[in-house]
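Asks: The structure file protein12.cif (mmCIF, C-alpha atoms and all ligand atoms) is provided below.
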data_data
loop_
_atom_site.label_atom_id
_atom_site.label_comp_id
_atom_site.auth_asym_id
_atom_site.auth_seq_id
_atom_site.Cartn_x
_atom_site.Cartn_y
_atom_site.Cartn_z
CA MET O 1 -5.80 6.33 3.07
CA PRO O 2 -7.63 8.49 0.53
CA VAL O 3 -7.12 12.16 1.26
CA LYS O 4 -10.21 14.29 0.99
CA GLU O 5 -9.68 17.81 -0.19
CA MET O 6 -11.17 20.43 2.12
CA ILE O 7 -10.15 23.66 0.45
CA SER O 8 -8.32 24.40 -2.74
CA ILE O 9 -7.21 27.80 -3.87
CA GLU O 10 -5.99 28.54 -7.37
CA GLY O 11 -4.46 31.77 -8.57
CA LEU O 12 -5.93 33.84 -5.76
CA THR O 13 -5.30 37.56 -6.21
CA LYS O 14 -6.25 40.49 -4.04
CA SER O 15 -5.32 44.16 -4.16
CA PHE O 16 -6.09 47.10 -1.95
CA GLY O 17 -6.01 50.03 -4.35
CA GLU O 18 -2.59 50.03 -6.00
CA LEU O 19 -1.16 47.51 -3.58
CA GLN O 20 -1.34 43.90 -4.73
CA VAL O 21 -1.35 41.86 -1.52
CA LEU O 22 -1.96 38.36 -2.94
CA LYS O 23 -0.27 37.69 -6.26
CA GLY O 24 -1.68 34.37 -7.39
CA VAL O 25 -1.75 32.00 -4.45
CA ASP O 26 -2.23 28.26 -5.01
CA LEU O 27 -2.86 26.10 -1.96
CA THR O 28 -4.68 22.87 -1.24
CA ILE O 29 -5.70 21.83 2.24
CA ALA O 30 -6.79 18.28 2.96
CA GLU O 31 -9.28 17.14 5.55
CA SER O 32 -7.62 16.94 8.99
CA GLU O 33 -4.51 18.70 7.71
CA VAL O 34 -2.93 21.32 9.94
CA VAL O 35 -1.27 24.05 7.87
CA CYS O 36 0.81 26.72 9.55
CA LEU O 37 1.08 29.89 7.52
CA VAL O 38 4.16 31.91 8.36
CA GLY O 39 5.81 35.01 6.98
CA ALA O 40 6.86 38.54 7.82
CA SER O 41 4.37 41.16 8.85
CA GLY O 42 2.63 42.57 5.79
CA SER O 43 3.21 39.48 3.64
CA GLY O 44 -0.53 38.89 3.20
CA LYS O 45 -1.29 36.16 5.76
CA SER O 46 -4.36 37.79 7.28
CA THR O 47 -5.68 38.77 3.87
CA LEU O 48 -5.37 35.16 2.72
CA LEU O 49 -7.29 33.89 5.77
CA ARG O 50 -9.93 36.57 5.34
CA CYS O 51 -10.41 35.61 1.68
CA LEU O 52 -10.89 31.99 2.79
CA ASN O 53 -13.64 33.10 5.13
CA PHE O 54 -15.07 35.52 2.55
CA LEU O 55 -14.60 38.40 4.96
CA GLU O 56 -12.54 39.86 2.15
CA LYS O 57 -13.61 39.70 -1.48
CA LYS O 58 -11.00 38.18 -3.76
CA ASP O 59 -10.19 39.89 -7.05
CA GLY O 60 -9.35 36.79 -9.04
CA GLY O 61 -8.76 33.08 -8.78
CA ILE O 62 -10.82 30.17 -7.58
CA ILE O 63 -11.68 29.00 -4.07
CA ARG O 64 -13.15 25.52 -3.81
CA PHE O 65 -14.67 24.30 -0.61
CA GLU O 66 -15.12 20.54 -0.28
CA GLY O 67 -14.74 20.26 -4.04
CA LYS O 68 -17.26 22.91 -4.95
CA GLU O 69 -16.27 26.30 -6.33
CA ILE O 70 -17.68 29.10 -4.22
CA ASP O 71 -19.18 31.86 -6.29
CA PRO O 72 -19.87 34.91 -4.11
CA LYS O 73 -22.54 36.02 -6.55
CA LYS O 74 -24.51 32.78 -6.44
CA ASP O 75 -23.66 31.05 -3.18
CA ASP O 76 -24.93 32.00 0.24
CA LEU O 77 -21.68 33.13 1.86
CA ASN O 78 -23.22 33.04 5.32
CA LYS O 79 -23.78 29.31 4.87
CA VAL O 80 -20.16 28.85 3.81
CA ARG O 81 -18.94 30.95 6.75
CA GLU O 82 -20.83 28.70 9.15
CA LYS O 83 -18.46 25.93 8.08
CA VAL O 84 -15.35 28.06 8.62
CA GLY O 85 -14.52 28.96 12.21
CA MET O 86 -12.20 31.88 12.78
CA VAL O 87 -10.22 32.95 15.82
CA PHE O 88 -8.56 36.36 15.81
CA GLN O 89 -5.73 37.96 17.73
CA HIS O 90 -8.26 40.02 19.66
CA PHE O 91 -10.97 37.83 21.02
CA ASN O 92 -14.00 39.92 20.07
CA LEU O 93 -16.19 38.41 22.78
CA PHE O 94 -19.45 40.19 23.54
CA PRO O 95 -18.62 42.05 26.79
CA HIS O 96 -22.22 42.27 28.00
CA LYS O 97 -22.82 38.52 27.64
CA THR O 98 -21.59 35.73 29.90
CA VAL O 99 -19.21 33.10 28.61
CA LEU O 100 -22.09 30.68 28.04
CA GLU O 101 -24.19 33.33 26.29
CA ASN O 102 -21.26 34.18 24.04
CA ILE O 103 -20.97 30.55 22.98
CA ILE O 104 -24.66 29.86 22.32
CA GLU O 105 -25.34 33.15 20.51
CA ALA O 106 -24.57 32.02 16.95
CA PRO O 107 -25.90 28.43 17.23
CA VAL O 108 -29.22 29.74 18.57
CA MET O 109 -29.58 32.89 16.46
CA VAL O 110 -28.01 31.75 13.20
CA LYS O 111 -28.43 27.99 13.17
CA LYS O 112 -31.70 28.00 15.13
CA ILE O 113 -30.50 25.24 17.46
CA PRO O 114 -32.91 24.81 20.41
CA LYS O 115 -31.54 26.80 23.32
CA GLN O 116 -31.34 23.89 25.76
CA GLN O 117 -29.37 21.83 23.26
CA ALA O 118 -27.05 24.77 22.55
CA ILE O 119 -26.43 25.20 26.28
CA GLN O 120 -25.62 21.54 26.71
CA GLU O 121 -23.20 21.61 23.78
CA ALA O 122 -21.64 24.84 25.08
CA ARG O 123 -20.98 23.19 28.44
CA GLU O 124 -19.27 20.30 26.72
CA LEU O 125 -17.11 22.73 24.74
CA LEU O 126 -16.22 24.59 27.94
CA ARG O 127 -15.08 21.31 29.43
CA LYS O 128 -12.97 20.71 26.34
CA VAL O 129 -11.19 24.07 26.73
CA ASP O 130 -10.84 23.60 30.52
CA LEU O 131 -13.24 26.38 31.44
CA GLU O 132 -16.29 24.51 32.72
CA ASP O 133 -16.37 26.64 35.88
CA LYS O 134 -16.50 29.93 33.91
CA ALA O 135 -19.86 29.50 32.15
CA ASP O 136 -21.60 32.30 34.03
CA VAL O 137 -18.87 34.90 34.30
CA TYR O 138 -18.43 37.93 32.03
CA PRO O 139 -15.39 38.23 29.75
CA ASN O 140 -13.83 41.06 31.77
CA LYS O 141 -13.33 38.57 34.63
CA LEU O 142 -11.17 36.34 32.44
CA SER O 143 -7.46 36.38 31.62
CA GLY O 144 -6.45 36.81 27.97
CA GLY O 145 -5.73 33.10 27.69
CA GLN O 146 -9.16 32.22 29.08
CA LYS O 147 -10.83 34.70 26.74
CA GLN O 148 -9.09 33.17 23.77
CA ARG O 149 -10.17 29.68 24.83
CA VAL O 150 -13.75 30.95 25.05
CA ALA O 151 -13.33 32.39 21.55
CA ILE O 152 -12.18 28.97 20.34
CA ALA O 153 -15.17 27.27 22.04
CA ARG O 154 -17.47 29.85 20.48
CA ALA O 155 -16.12 29.12 17.00
CA LEU O 156 -16.40 25.36 17.59
CA ALA O 157 -20.04 25.75 18.67
CA MET O 158 -20.95 26.23 15.00
CA LYS O 159 -19.45 22.80 14.26
CA PRO O 160 -17.12 24.14 11.56
CA ASP O 161 -15.35 21.88 9.08
CA ILE O 162 -12.22 24.01 9.23
CA MET O 163 -10.76 26.42 11.78
CA LEU O 164 -8.68 29.46 10.87
CA PHE O 165 -6.45 31.03 13.51
CA ASP O 166 -4.96 34.48 12.89
CA GLU O 167 -2.16 35.03 15.41
CA ALA O 168 -4.40 33.72 18.16
CA THR O 169 -1.63 34.00 20.76
CA SER O 170 0.10 37.20 19.65
CA ALA O 171 -1.78 39.51 22.00
CA LEU O 172 -1.29 37.32 25.07
CA ASP O 173 1.13 37.71 27.93
CA PRO O 174 3.88 35.12 27.43
CA GLU O 175 2.78 33.01 30.39
CA LEU O 176 -0.71 32.60 28.85
CA VAL O 177 0.40 31.49 25.39
CA GLY O 178 0.92 27.85 26.37
CA GLU O 179 -2.65 27.17 27.51
CA VAL O 180 -4.08 28.42 24.21
CA LEU O 181 -1.55 26.47 22.14
CA LYS O 182 -2.47 23.38 24.19
CA THR O 183 -6.13 23.80 23.24
CA MET O 184 -5.16 24.25 19.58
CA ARG O 185 -2.91 21.21 19.72
CA GLU O 186 -5.71 19.07 21.16
CA LEU O 187 -8.01 20.24 18.41
CA ALA O 188 -5.41 19.25 15.83
CA GLU O 189 -5.02 15.83 17.43
CA GLU O 190 -8.78 15.30 17.20
CA GLY O 191 -8.50 15.72 13.46
CA MET O 192 -9.76 19.26 12.95
CA THR O 193 -8.65 20.82 9.69
CA MET O 194 -6.76 23.97 10.62
CA VAL O 195 -4.97 26.89 9.02
CA VAL O 196 -2.88 28.62 11.64
CA VAL O 197 -1.11 31.93 11.13
CA THR O 198 1.49 31.98 13.87
CA HIS O 199 4.89 33.18 14.97
CA GLU O 200 5.19 30.18 17.31
CA MET O 201 7.71 28.13 15.41
CA HIS O 202 7.81 25.39 18.04
CA PHE O 203 4.09 24.92 17.61
CA ALA O 204 4.44 24.91 13.82
CA ARG O 205 7.19 22.33 13.93
CA GLU O 206 5.42 20.01 16.36
CA VAL O 207 1.77 20.35 15.37
CA ALA O 208 1.64 21.31 11.71
CA ASP O 209 1.58 18.75 8.94
CA THR O 210 2.54 21.42 6.45
CA VAL O 211 4.22 24.79 6.77
CA VAL O 212 3.74 27.49 4.16
CA LEU O 213 5.91 30.59 3.85
CA LEU O 214 4.20 33.61 2.38
CA HIS O 215 6.39 36.49 1.22
CA ASP O 216 5.12 39.61 -0.45
CA GLY O 217 1.91 37.96 -1.61
CA ASN O 218 3.46 34.78 -2.99
CA ILE O 219 3.90 31.33 -1.54
CA ILE O 220 7.65 30.83 -1.46
CA GLU O 221 7.74 27.34 0.01
CA LYS O 222 5.26 24.72 1.10
CA ALA O 223 6.71 21.71 2.84
CA GLU O 224 6.11 19.01 5.38
CA ALA O 225 6.84 20.63 8.76
CA GLU O 226 10.03 18.79 9.66
CA GLN O 227 11.45 19.36 6.20
CA PHE O 228 10.51 23.05 6.30
CA PHE O 229 12.58 23.58 9.42
CA THR O 230 15.47 21.22 8.80
CA ALA O 231 15.91 21.19 5.03
CA PRO O 232 14.17 24.15 3.40
CA GLN O 233 14.56 24.30 -0.35
CA GLU O 234 14.38 28.05 -0.82
CA GLU O 235 16.92 30.70 0.11
CA ARG O 236 14.12 32.97 1.35
CA THR O 237 12.94 30.28 3.73
CA ARG O 238 16.44 29.95 5.15
CA GLU O 239 16.57 33.73 5.63
CA PHE O 240 13.17 33.70 7.30
CA LEU O 241 14.18 30.90 9.65
CA GLN O 242 17.42 32.62 10.55
CA ARG O 243 15.50 35.70 11.57
CA THR O 244 12.76 33.97 13.52
CA VAL O 245 13.94 30.68 15.01
P1 LIG O 301 0.01 40.01 7.42
O1 LIG O 301 -1.20 39.44 8.06
O2 LIG O 301 0.90 38.99 6.78
O3 LIG O 301 0.77 40.92 8.34
P2 LIG O 301 -1.91 41.53 5.87
O4 LIG O 301 -2.66 40.55 5.03
O5 LIG O 301 -2.60 42.03 7.08
O6 LIG O 301 -0.47 40.93 6.21
O7 LIG O 301 -1.55 42.78 5.01
C1 LIG O 301 -0.85 42.72 3.79
C2 LIG O 301 -0.74 44.10 3.19
O8 LIG O 301 -2.03 44.58 2.85
C3 LIG O 301 -0.15 45.13 4.16
O9 LIG O 301 0.65 46.01 3.42
C4 LIG O 301 -1.38 45.85 4.67
O10 LIG O 301 -1.08 47.17 5.05
C5 LIG O 301 -2.31 45.80 3.50
N1 LIG O 301 -3.73 45.77 3.88
C6 LIG O 301 -4.34 44.81 4.60
N2 LIG O 301 -5.65 45.06 4.74
C7 LIG O 301 -5.88 46.23 4.10
C8 LIG O 301 -7.04 47.03 3.87
N3 LIG O 301 -8.26 46.66 4.34
N4 LIG O 301 -6.89 48.18 3.15
C9 LIG O 301 -5.69 48.53 2.66
N5 LIG O 301 -4.56 47.83 2.83
C10 LIG O 301 -4.64 46.69 3.53
MG MG O 302 -1.88 39.53 9.99
#
Take the structure I supplied and represent it as structure tokens, if you would.
Replies:
Amino acid sequence: MPVKEMISIEGLTKSFGELQVLKGVDLTIAESEVVCLVGASGSGKSTLLRCLNFLEKKDGGIIRFEGKEIDPKKDDLNKVREKVGMVFQHFNLFPHKTVLENIIEAPVMVKKIPKQQAIQEARELLRKVDLEDKADVYPNKLSGGQKQRVAIARALAMKPDIMLFDEATSALDPELVGEVLKTMRELAEEGMTMVVVTHEMHFAREVADTVVLLHDGNIIEKAEAEQFFTAPQEERTREFLQRTV
């Protein structure tokens, strides 16, 4: 099966003042690949995701999206961002809008999808995340797990080519983590390309194709998931696994 490249990153660097957070990251992500990005707090995981979504401006290096280099000076970054869905630790739902209104906001306002069509698609997405009965409630009536599933549905409503998850379950009560991971797992099984920053090593082992360890702004190891956990090549990976698994 030919593997289509979705994103490739070469020599990505990023500093905040004196602090170099990404020190030349190379990473290629294929279509339908699920990459789990792991590493200690402060290693640069969020910064890497934010550079991929152009929420953060890289200093150096190349980011190619579906084979084409993205030049922030020439390309319309909003158009690129439409193709990259992002789910954060904190759900960032609009509190004064219902669940349905949250989901149709960007398709209607940004993509100019007819409202009736957006509503119909939103209802299908709510069914997918097991929240079809919550369309008309406000976010404050939802549990954290439900809010996060709405946030996933909202990102999917833009029909992204890739989904980025930044510790999507870290803020949840332990009993709510499973329902969100289940939604993410189903998305992976449907063939969505995903980059998932997570501390859920079970999820990484079972769902990821590839696991990447970031340490101090460098990729230390990139391996097929089973190999990463059972036969890591790098001493740092072994240390990381000892501390976290
Ligand atoms: P991780 O997500 O792996 O915990 P981050 O990418 O959030 O790591 O952060 C990496 C380093 O960059 C940390 O030392 C953090 O304090 C710093 N950092 C992140 N964002 C900013 C920012 N906007 N300004 C200054 N420093 C930042
Ligand atoms: Mg982070």
Asks: Could the residues that lie within 9 Å of ligand MG 302 (chain O), counting all atoms listed in the file, be listed as a ChimeraX atom specification?
Replies: /O:41-47,49,89,166-167,197
Asks: Which of these residues is nearest to O:Arg205, using all atoms listed in the file: O:Ala151, O:Leu22, O:Cys36, O:Met6?
Replies: O:Cys36
Asks: Ranking O:Asp216, O:Glu10, O:Glu69, O:Glu124 by minimum distance to ligand LIG 301 (chain O) and counting only C-alpha atoms and all ligand atoms, which one comes first?
Replies: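 Smallest separation from ligand LIG 301 (chain O) among the options: O:Asp216.
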Asks: Provide the atom CA of O:Lys79 to atom CA of O:Ser32 distance in Å, to one decimal place.
Replies: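 Those two atoms sit 20.8 Å apart.
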Asks: Go through O:Phe229, O:Phe88, O:Phe165, O:Tyr138 one by one, measure the shortest atom-to-atom distance of each to O:Met184 using all atoms listed in the file, and give the residue with the smallest value.
Replies: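 With all atoms listed in the file as the atom set, the closest residue is O:Phe165.
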